[in-house]
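To start, the structure under review is shown below, and the notes come after it.
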Amino acid sequence: MEFLMVLATLADQTQFLLGVLGAALGLGLVIFLHELGHFAVAKWCDVHVERFSIGFGPVLFSWKRGETEYALSAIPFGGYVKMLGQDDADPSQMTSEEIAADPRSYIAKNVWQRMAIISAGVTMNILSAVVFYAVVFGLGREIPPPRIGTAATGMPAWIAGLRRGDEVTHFNGRPVTNWPDVAISVAVSTGPIELRGRHRDGSSFDVTIDPDTSGTRPQIGIENSLGLTLRNDPTGTDPVAIPGTAAARAQPPFEPGDQIIRIGDHDVSLFADFQDHLAARQGEPTTITVKRKNRPEPVVIQVDSNYFRTLGLRLAVGRIAAIRSESPAEAAGLKVGDKLTKLNGKDIGIDIDPMRLPDEFARLQGQTVELQVQRSNPSGGPSEVTITLTPENRPGWLEQPQHPGEPLSIPAIGAAFHMVAHVLQVEPDGPAATAGIRGDTSIQKVELVLPEGAPADVVKPRTLDISLEKENADNWGFAFRMMQELRQREVWLTVKEKDQAQARRVQIVPMEDKSWPMPTLGLRMEPLEYLERADSVGMALRMSYTESRNAVLRTYLTLYNLFIGRLSYRELHGPLSIAGVAYHSAKAGIVPLLEFLAFLSVNLAVVNFLPIPVLDGGHMVFLTWEAITRRRPSERVLIGAQYAGLVLLLGLMCMVFYLDLSRIFGGGQ
């Protein structure tokens, strides 16, 4: 056993060293190619190159070959080619008549030669990106397809009618083939976006969506789909089933890498279909058939059900927060701001638990139901409105709040509502009554705590605090969902009774409600991916050109959105983050590393060609001025611009270093 542990430790250390080495070589290669472009064209124009350095600052070691010193310097965040008559640290050289008299100096060359030298680094980065991407497509990359796994309730995509399992085919008229293309394009969008594609039933959609810009970047609220393969963690620390769930009780047990092919008598090929079949069984035991590694025959696994963990209390229903386009709710005239009061004559909040409305409407699919709603009138008090509608066949609780503040979805009618964290009713002998909670009580906070000594949960952190006060008043739906997912955790509520001056903190032990089955098992799945690979060299080059072009456009759009404030500066990443991504890419393999280096090359090219003094783009501005006016900028202008550019870059560098450190030590993303 000790020998095996030593081998595992050595394997981990080897993988770490390979990751560090791969990241260092990869980043060094991108910098080297950029500087090689400057160097090669300078030599071609017969310019005296004094030093070729990878890195800045003090020289660690160097060697001289011919007239050029080749150096490796201490600060590894870039490099430079120092030519006679061109030195960013000493701009006065560019106006020196003495240096200009030397025919091999940079400033002795005509403006077109100098433009070629300055632009060569960026050109080399673009060409290397095309080559990197071509190799990636030649080898093939595993990448998520543009299939929606979740449309966050109340977000723009959900309101527009996008659903689980939908496939996006076009973004603003441009074909898309993978999920990162969709996600990045949304994040750098500059206005409303058009999405075209196919619903799961084969029908097409064409919607225009105005992204939500209230966060650090534009969002429409979609996430990529999971696949039908269970988590496959070779270390064994990432279980395939959440502890305490039906999946963890399955017999025989699920194993990492199992691929689900059937549930009951139904073959499945999409995760969304698998979800629907799980929900349709209404808590009945079933079988799941999987393909298992190194097993020629499929394995049939018996599974039972999870049930909702309830607290034995009913809270007040809030108002409608969102309505999905072309839904029964929209057709019936339900409006945002309405409050559901009765369903088929039964009082919502007393006779019907509002938390069960998603399942209640799903149970009534195809039937005409009568809703009474309370509607606010601008000119007077609220009025009671009666609405009739026919729910669709859409299971409840598959559209769950993924983040704080999201409303609860009623998929069958296409409406979403918030809860009010105020207790209307306490069930006799239920968990809340046992904990001493009474009616007419407000809940201020929910704490979900993993007990000491309990096995590490698959969801972090060990303690989750969810406030329900003031701006967080709409968090009950999220808290309730997390209560179902984190089944090992203790539940603590901070409550405030109407007749008490102080709030109190009480522990409440949830109970499983056997009348309320959950539509999920607790399985943990790998993301859906497919192999994107070219069939020929020509196809690889075409795909590479398209990917490189799109990467350039997205980088420019990112910078534009930063400039206009549509994208927050907090989305920026600095050298530490770049090094971290390079490390993880190198650990993942040659294809992820090459893909990252191609992306980095494009970004380096675009950023370097911005019209900022010190950068290549700044030099091109001065050269363009010289080409037009036929005279060089004065020494005073050059020096002032260079130092201004240097201050700007140093300030930007300090900011991104701060953001990187905040993510590392503050736990940010």
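Ordering of the structure tokens sets the chain letters (A, B, ...); residue numbers start at 1 within each chain; ligands are numbered from 1 in the order shown.
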Mind checking which residues fall within 10 Å of Ala241 of chain A, counting only C-alpha atoms, ignoring those fewer than 6 positions away in the same chain, and posting them as number ranges by chain?
-> A: 230-231, 247-250, 253-256, 458, 521-525
Export of the given selection (N, CA and C atoms) as an mmCIF file, in the first residue's frame:
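Written output follows (again-v4.cif):
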```
data_model
loop_
_atom_site.group_PDB
_atom_site.id
_atom_site.type_symbol
_atom_site.label_atom_id
_atom_site.label_comp_id
_atom_site.auth_asym_id
_atom_site.auth_seq_id
_atom_site.Cartn_x
_atom_site.Cartn_y
_atom_site.Cartn_z
ATOM 1 N N LEU A 230 -21.271 9.695 -16.850
ATOM 2 C CA LEU A 230 -21.042 10.062 -15.461
ATOM 3 C C LEU A 230 -19.618 10.567 -15.263
ATOM 4 N N ARG A 231 -19.448 11.422 -14.231
ATOM 5 C CA ARG A 231 -18.132 11.971 -13.920
ATOM 6 C C ARG A 231 -17.088 10.855 -13.907
ATOM 7 N N ALA A 247 -29.229 8.146 -6.258
ATOM 8 C CA ALA A 247 -28.129 7.667 -7.093
ATOM 9 C C ALA A 247 -27.066 6.967 -6.256
ATOM 10 N N ALA A 248 -26.842 7.456 -5.036
ATOM 11 C CA ALA A 248 -25.839 6.847 -4.158
ATOM 12 C C ALA A 248 -26.324 5.509 -3.603
ATOM 13 N N ARG A 249 -27.648 5.253 -3.637
ATOM 14 C CA ARG A 249 -28.205 3.990 -3.124
ATOM 15 C C ARG A 249 -28.421 2.961 -4.226
ATOM 16 N N ALA A 250 -28.137 3.317 -5.459
ATOM 17 C CA ALA A 250 -28.451 2.448 -6.597
ATOM 18 C C ALA A 250 -27.714 1.112 -6.494
ATOM 19 N N PRO A 253 -23.959 -0.320 -7.911
ATOM 20 C CA PRO A 253 -23.607 1.106 -7.886
ATOM 21 C C PRO A 253 -23.211 1.630 -9.269
ATOM 22 N N PHE A 254 -23.483 2.905 -9.487
ATOM 23 C CA PHE A 254 -22.952 3.580 -10.664
ATOM 24 C C PHE A 254 -21.436 3.681 -10.528
ATOM 25 N N GLU A 255 -20.748 3.683 -11.661
ATOM 26 C CA GLU A 255 -19.297 3.792 -11.664
ATOM 27 C C GLU A 255 -18.859 4.957 -12.553
ATOM 28 N N PRO A 256 -17.697 5.546 -12.250
ATOM 29 C CA PRO A 256 -17.197 6.652 -13.085
ATOM 30 C C PRO A 256 -17.097 6.241 -14.549
ATOM 31 N N VAL A 458 -19.516 17.197 -2.100
ATOM 32 C CA VAL A 458 -19.062 17.519 -3.450
ATOM 33 C C VAL A 458 -19.348 18.963 -3.800
ATOM 34 N N LEU A 521 -32.001 12.404 -9.596
ATOM 35 C CA LEU A 521 -31.454 11.283 -8.834
ATOM 36 C C LEU A 521 -30.261 11.657 -7.978
ATOM 37 N N GLY A 522 -29.543 12.714 -8.347
ATOM 38 C CA GLY A 522 -28.306 13.058 -7.650
ATOM 39 C C GLY A 522 -27.070 12.574 -8.375
ATOM 40 N N LEU A 523 -27.206 12.249 -9.673
ATOM 41 C CA LEU A 523 -26.047 11.862 -10.470
ATOM 42 C C LEU A 523 -25.252 13.097 -10.882
ATOM 43 N N ARG A 524 -23.965 12.911 -11.033
ATOM 44 C CA ARG A 524 -23.092 13.998 -11.476
ATOM 45 C C ARG A 524 -22.527 13.611 -12.839
ATOM 46 N N MET A 525 -22.809 14.449 -13.834
ATOM 47 C CA MET A 525 -22.521 14.110 -15.221
ATOM 48 C C MET A 525 -21.394 14.969 -15.783
#
```
Could you pull out the alpha helix (DSSP H) residues of segment 229-422 of chain A from DSSP and send them as an NGL selection string?
-> :A and (246-249 or 271-280 or 328-332 or 357-363)
Go ahead and write the residues just picked, C-alpha atoms, as a short mmCIF file (atom, residue, chain, number, x, y, z; two decimals), in the first residue's frame.
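And here's part17.cif as it stands now:
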```
data_model
loop_
_atom_site.label_atom_id
_atom_site.label_comp_id
_atom_site.auth_asym_id
_atom_site.auth_seq_id
_atom_site.Cartn_x
_atom_site.Cartn_y
_atom_site.Cartn_z
CA ALA A 246 -31.09 7.88 -4.73
CA ALA A 247 -28.13 7.67 -7.09
CA ALA A 248 -25.84 6.85 -4.16
CA ARG A 249 -28.20 3.99 -3.12
CA PHE A 271 -29.66 14.79 -21.20
CA ALA A 272 -32.88 16.82 -21.47
CA ASP A 273 -34.77 13.69 -22.60
CA PHE A 274 -33.28 11.76 -19.67
CA GLN A 275 -34.50 14.49 -17.29
CA ASP A 276 -38.03 14.35 -18.70
CA HIS A 277 -38.23 10.56 -18.37
CA LEU A 278 -37.00 10.76 -14.78
CA ALA A 279 -39.68 13.34 -13.97
CA ALA A 280 -42.44 11.33 -15.71
CA PRO A 328 -49.98 29.72 -21.92
CA ALA A 329 -49.47 32.45 -19.29
CA GLU A 330 -48.78 35.09 -21.94
CA ALA A 331 -51.69 33.94 -24.11
CA ALA A 332 -54.06 34.05 -21.12
CA LEU A 357 -47.12 25.01 -7.84
CA PRO A 358 -44.61 23.86 -10.53
CA ASP A 359 -45.69 20.24 -10.01
CA GLU A 360 -49.36 21.14 -9.46
CA PHE A 361 -49.64 22.81 -12.86
CA ALA A 362 -47.69 19.97 -14.52
CA ARG A 363 -50.23 17.51 -13.06
#
```
What's the 12 Å shell around Leu33 of chain A, counting only C-alpha atoms, without same-chain residues fewer than 6 positions away, as a PyMOL selection string?
-> chain A and resi 25-27+39-40+52-54+78-81+120-129+597-598+601+604-605
Restricted to N, CA and C atoms, what would the selected residues look like written as a PDB file, in the first residue's frame?
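What landed in result_32.pdb:
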```
ATOM      1  N   LEU A  25       7.096  26.779 -21.492  1.00  0.00           N
ATOM      2  CA  LEU A  25       7.539  26.684 -22.881  1.00  0.00           C
ATOM      3  C   LEU A  25       6.516  27.289 -23.832  1.00  0.00           C
ATOM      4  N   GLY A  26       5.236  27.055 -23.539  1.00  0.00           N
ATOM      5  CA  GLY A  26       4.188  27.591 -24.401  1.00  0.00           C
ATOM      6  C   GLY A  26       4.153  29.110 -24.391  1.00  0.00           C
ATOM      7  N   LEU A  27       4.153  29.697 -23.200  1.00  0.00           N
ATOM      8  CA  LEU A  27       4.145  31.158 -23.103  1.00  0.00           C
ATOM      9  C   LEU A  27       5.419  31.745 -23.705  1.00  0.00           C
ATOM     10  N   PHE A  39      12.498  40.802 -35.276  1.00  0.00           N
ATOM     11  CA  PHE A  39      13.910  40.525 -35.524  1.00  0.00           C
ATOM     12  C   PHE A  39      14.152  40.171 -36.993  1.00  0.00           C
ATOM     13  N   ALA A  40      13.332  39.275 -37.544  1.00  0.00           N
ATOM     14  CA  ALA A  40      13.546  38.793 -38.903  1.00  0.00           C
ATOM     15  C   ALA A  40      13.392  39.915 -39.928  1.00  0.00           C
ATOM     16  N   PHE A  52      18.267  40.729 -28.564  1.00  0.00           N
ATOM     17  CA  PHE A  52      17.014  39.980 -28.688  1.00  0.00           C
ATOM     18  C   PHE A  52      16.759  39.348 -27.329  1.00  0.00           C
ATOM     19  N   SER A  53      15.731  39.827 -26.612  1.00  0.00           N
ATOM     20  CA  SER A  53      15.516  39.372 -25.225  1.00  0.00           C
ATOM     21  C   SER A  53      14.128  38.775 -25.046  1.00  0.00           C
ATOM     22  N   ILE A  54      14.095  37.639 -24.379  1.00  0.00           N
ATOM     23  CA  ILE A  54      12.838  37.086 -23.877  1.00  0.00           C
ATOM     24  C   ILE A  54      12.753  37.494 -22.416  1.00  0.00           C
ATOM     25  N   GLY A  78       6.887  39.149 -21.284  1.00  0.00           N
ATOM     26  CA  GLY A  78       7.073  39.811 -22.565  1.00  0.00           C
ATOM     27  C   GLY A  78       8.489  39.638 -23.066  1.00  0.00           C
ATOM     28  N   GLY A  79       8.910  40.546 -23.936  1.00  0.00           N
ATOM     29  CA  GLY A  79      10.240  40.506 -24.499  1.00  0.00           C
ATOM     30  C   GLY A  79      10.452  41.741 -25.359  1.00  0.00           C
ATOM     31  N   TYR A  80      11.630  41.850 -25.963  1.00  0.00           N
ATOM     32  CA  TYR A  80      11.887  43.011 -26.804  1.00  0.00           C
ATOM     33  C   TYR A  80      13.043  42.733 -27.754  1.00  0.00           C
ATOM     34  N   VAL A  81      13.034  43.470 -28.863  1.00  0.00           N
ATOM     35  CA  VAL A  81      14.147  43.506 -29.804  1.00  0.00           C
ATOM     36  C   VAL A  81      14.681  44.927 -29.794  1.00  0.00           C
ATOM     37  N   ALA A 120       5.609  43.497 -37.849  1.00  0.00           N
ATOM     38  CA  ALA A 120       5.996  42.099 -38.052  1.00  0.00           C
ATOM     39  C   ALA A 120       5.665  41.226 -36.848  1.00  0.00           C
ATOM     40  N   GLY A 121       5.787  41.778 -35.626  1.00  0.00           N
ATOM     41  CA  GLY A 121       5.478  40.980 -34.434  1.00  0.00           C
ATOM     42  C   GLY A 121       4.028  40.571 -34.400  1.00  0.00           C
ATOM     43  N   VAL A 122       3.135  41.520 -34.668  1.00  0.00           N
ATOM     44  CA  VAL A 122       1.697  41.234 -34.680  1.00  0.00           C
ATOM     45  C   VAL A 122       1.365  40.257 -35.799  1.00  0.00           C
ATOM     46  N   THR A 123       1.981  40.473 -36.972  1.00  0.00           N
ATOM     47  CA  THR A 123       1.745  39.572 -38.097  1.00  0.00           C
ATOM     48  C   THR A 123       2.163  38.153 -37.755  1.00  0.00           C
ATOM     49  N   MET A 124       3.296  38.029 -37.097  1.00  0.00           N
ATOM     50  CA  MET A 124       3.774  36.704 -36.703  1.00  0.00           C
ATOM     51  C   MET A 124       2.816  36.049 -35.713  1.00  0.00           C
ATOM     52  N   ASN A 125       2.261  36.824 -34.788  1.00  0.00           N
ATOM     53  CA  ASN A 125       1.301  36.267 -33.835  1.00  0.00           C
ATOM     54  C   ASN A 125       0.039  35.759 -34.528  1.00  0.00           C
ATOM     55  N   ILE A 126      -0.454  36.529 -35.506  1.00  0.00           N
ATOM     56  CA  ILE A 126      -1.652  36.090 -36.226  1.00  0.00           C
ATOM     57  C   ILE A 126      -1.362  34.820 -37.017  1.00  0.00           C
ATOM     58  N   LEU A 127      -0.217  34.787 -37.698  1.00  0.00           N
ATOM     59  CA  LEU A 127       0.144  33.596 -38.469  1.00  0.00           C
ATOM     60  C   LEU A 127       0.333  32.383 -37.562  1.00  0.00           C
ATOM     61  N   SER A 128       0.975  32.597 -36.412  1.00  0.00           N
ATOM     62  CA  SER A 128       1.178  31.474 -35.497  1.00  0.00           C
ATOM     63  C   SER A 128      -0.150  30.997 -34.919  1.00  0.00           C
ATOM     64  N   ALA A 129      -1.089  31.921 -34.691  1.00  0.00           N
ATOM     65  CA  ALA A 129      -2.415  31.521 -34.217  1.00  0.00           C
ATOM     66  C   ALA A 129      -3.102  30.635 -35.244  1.00  0.00           C
ATOM     67  N   LEU A 597      -2.660  28.685 -26.630  1.00  0.00           N
ATOM     68  CA  LEU A 597      -1.602  29.502 -27.216  1.00  0.00           C
ATOM     69  C   LEU A 597      -2.103  30.263 -28.438  1.00  0.00           C
ATOM     70  N   ALA A 598      -2.999  29.647 -29.217  1.00  0.00           N
ATOM     71  CA  ALA A 598      -3.585  30.350 -30.359  1.00  0.00           C
ATOM     72  C   ALA A 598      -4.417  31.532 -29.881  1.00  0.00           C
ATOM     73  N   SER A 601      -2.090  34.203 -28.648  1.00  0.00           N
ATOM     74  CA  SER A 601      -1.420  34.876 -29.761  1.00  0.00           C
ATOM     75  C   SER A 601      -2.318  35.940 -30.373  1.00  0.00           C
ATOM     76  N   LEU A 604      -2.539  38.842 -27.917  1.00  0.00           N
ATOM     77  CA  LEU A 604      -1.283  39.596 -27.904  1.00  0.00           C
ATOM     78  C   LEU A 604      -1.177  40.476 -29.139  1.00  0.00           C
ATOM     79  N   ALA A 605      -1.611  39.942 -30.284  1.00  0.00           N
ATOM     80  CA  ALA A 605      -1.557  40.719 -31.523  1.00  0.00           C
ATOM     81  C   ALA A 605      -2.467  41.936 -31.447  1.00  0.00           C
TER      82      ALA A 605
END
```
Enumerate the residues of segment 480-551 of chain A with a DSSP assignment of strand (DSSP E), computed from the backbone, and present them as a PDB file with C-alpha atoms, in the first residue's frame.
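Below is the file part_12.pdb, written as the result:
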```pdb
ATOM      1  CA  GLU A 490     -27.906  20.777   8.874  1.00  0.00           C
ATOM      2  CA  VAL A 491     -30.470  23.546   8.379  1.00  0.00           C
ATOM      3  CA  TRP A 492     -30.459  26.602  10.643  1.00  0.00           C
ATOM      4  CA  LEU A 493     -32.967  29.422  10.337  1.00  0.00           C
ATOM      5  CA  THR A 494     -32.775  32.914  11.763  1.00  0.00           C
ATOM      6  CA  VAL A 495     -36.400  33.869  12.457  1.00  0.00           C
ATOM      7  CA  LYS A 496     -38.175  36.924  13.816  1.00  0.00           C
ATOM      8  CA  GLU A 497     -41.586  36.450  15.447  1.00  0.00           C
ATOM      9  CA  ARG A 504     -33.413  33.968  17.103  1.00  0.00           C
ATOM     10  CA  ARG A 505     -31.437  31.204  15.432  1.00  0.00           C
ATOM     11  CA  VAL A 506     -32.964  27.726  15.483  1.00  0.00           C
ATOM     12  CA  GLN A 507     -31.993  24.376  14.023  1.00  0.00           C
ATOM     13  CA  ILE A 508     -34.665  22.600  12.039  1.00  0.00           C
ATOM     14  CA  MET A 511     -38.107  15.548   6.654  1.00  0.00           C
ATOM     15  CA  GLU A 512     -38.609  13.776   3.350  1.00  0.00           C
ATOM     16  CA  ASP A 513     -42.130  14.255   2.015  1.00  0.00           C
ATOM     17  CA  LYS A 514     -43.013  10.878   0.465  1.00  0.00           C
ATOM     18  CA  SER A 515     -45.865  12.498  -1.441  1.00  0.00           C
ATOM     19  CA  TRP A 516     -43.497  14.821  -3.288  1.00  0.00           C
ATOM     20  CA  PRO A 517     -40.906  12.995  -5.446  1.00  0.00           C
ATOM     21  CA  MET A 525     -22.521  14.110 -15.221  1.00  0.00           C
ATOM     22  CA  GLU A 526     -19.759  15.206 -17.554  1.00  0.00           C
ATOM     23  CA  PRO A 527     -20.507  18.135 -19.897  1.00  0.00           C
ATOM     24  CA  TYR A 530     -18.128  16.200 -29.362  1.00  0.00           C
ATOM     25  CA  LEU A 531     -14.943  15.772 -31.378  1.00  0.00           C
ATOM     26  CA  GLU A 532     -14.425  18.744 -33.706  1.00  0.00           C
TER      27      GLU A 532
END
```
Provide the atom CA of Glu547 of chain A to atom CA of Ile148 of chain A distance in Å, to one decimal place.
->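 Atom CA of Ile148 of chain A lies 21.5 Å from atom CA of Glu547 of chain A.
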Tell me, counting only C-alpha atoms, for each residue of segment 340-435 of chain A within 10 Å of segment 160-167 of chain A, which pair of atoms is nearest and how far apart they are in Å to one decimal, in rows ordered by chain and increasing number, as CSV.
```
residue,atom,partner,partner_atom,distance
A:Leu398,CA,A:Arg164,CA,9.1
A:Glu399,CA,A:Arg164,CA,8.6
A:Pro411,CA,A:Arg163,CA,9.7
A:Gly414,CA,A:Gly161,CA,8.6
```
Would you kindly return, as a PyMOL selection string, each protein, DNA or RNA residue with an atom no farther than 8 Å from any atom of Leu646 of chain A, considering only C-alpha atoms and excluding same-chain residues fewer than 3 positions away?
-> chain A and resi 613-614+642-643+649-650
Using only C-alpha atoms, which of A:Ile320, A:Leu553, A:Val49, A:Leu315 sits nearest Asp181 of chain A?
->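 Using only C-alpha atoms, Asp181 of chain A sits closest to A:Leu553.
Nearest to Ala421 of chain A of all the residues A:Ser203, A:Thr150, A:Gln444, A:Asn344 is A:Gln444, based on only C-alpha atoms.
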Residue neighbourhood segment 498-503 of chain A, 12 Å, only C-alpha atoms, exclusion window fewer than 5 positions, as a count of residues only | 12
Residue contacts of Val449 of chain A (10 Å, only C-alpha atoms) excluding same-chain residues fewer than 4 positions away, as an NGL selection string | :A and (461-465 or 486 or 488-492)
Closest to Ala187 of chain A among A:Thr555, A:Gln367, A:Thr624, A:Thr68, using only C-alpha atoms?
-> A:Thr555
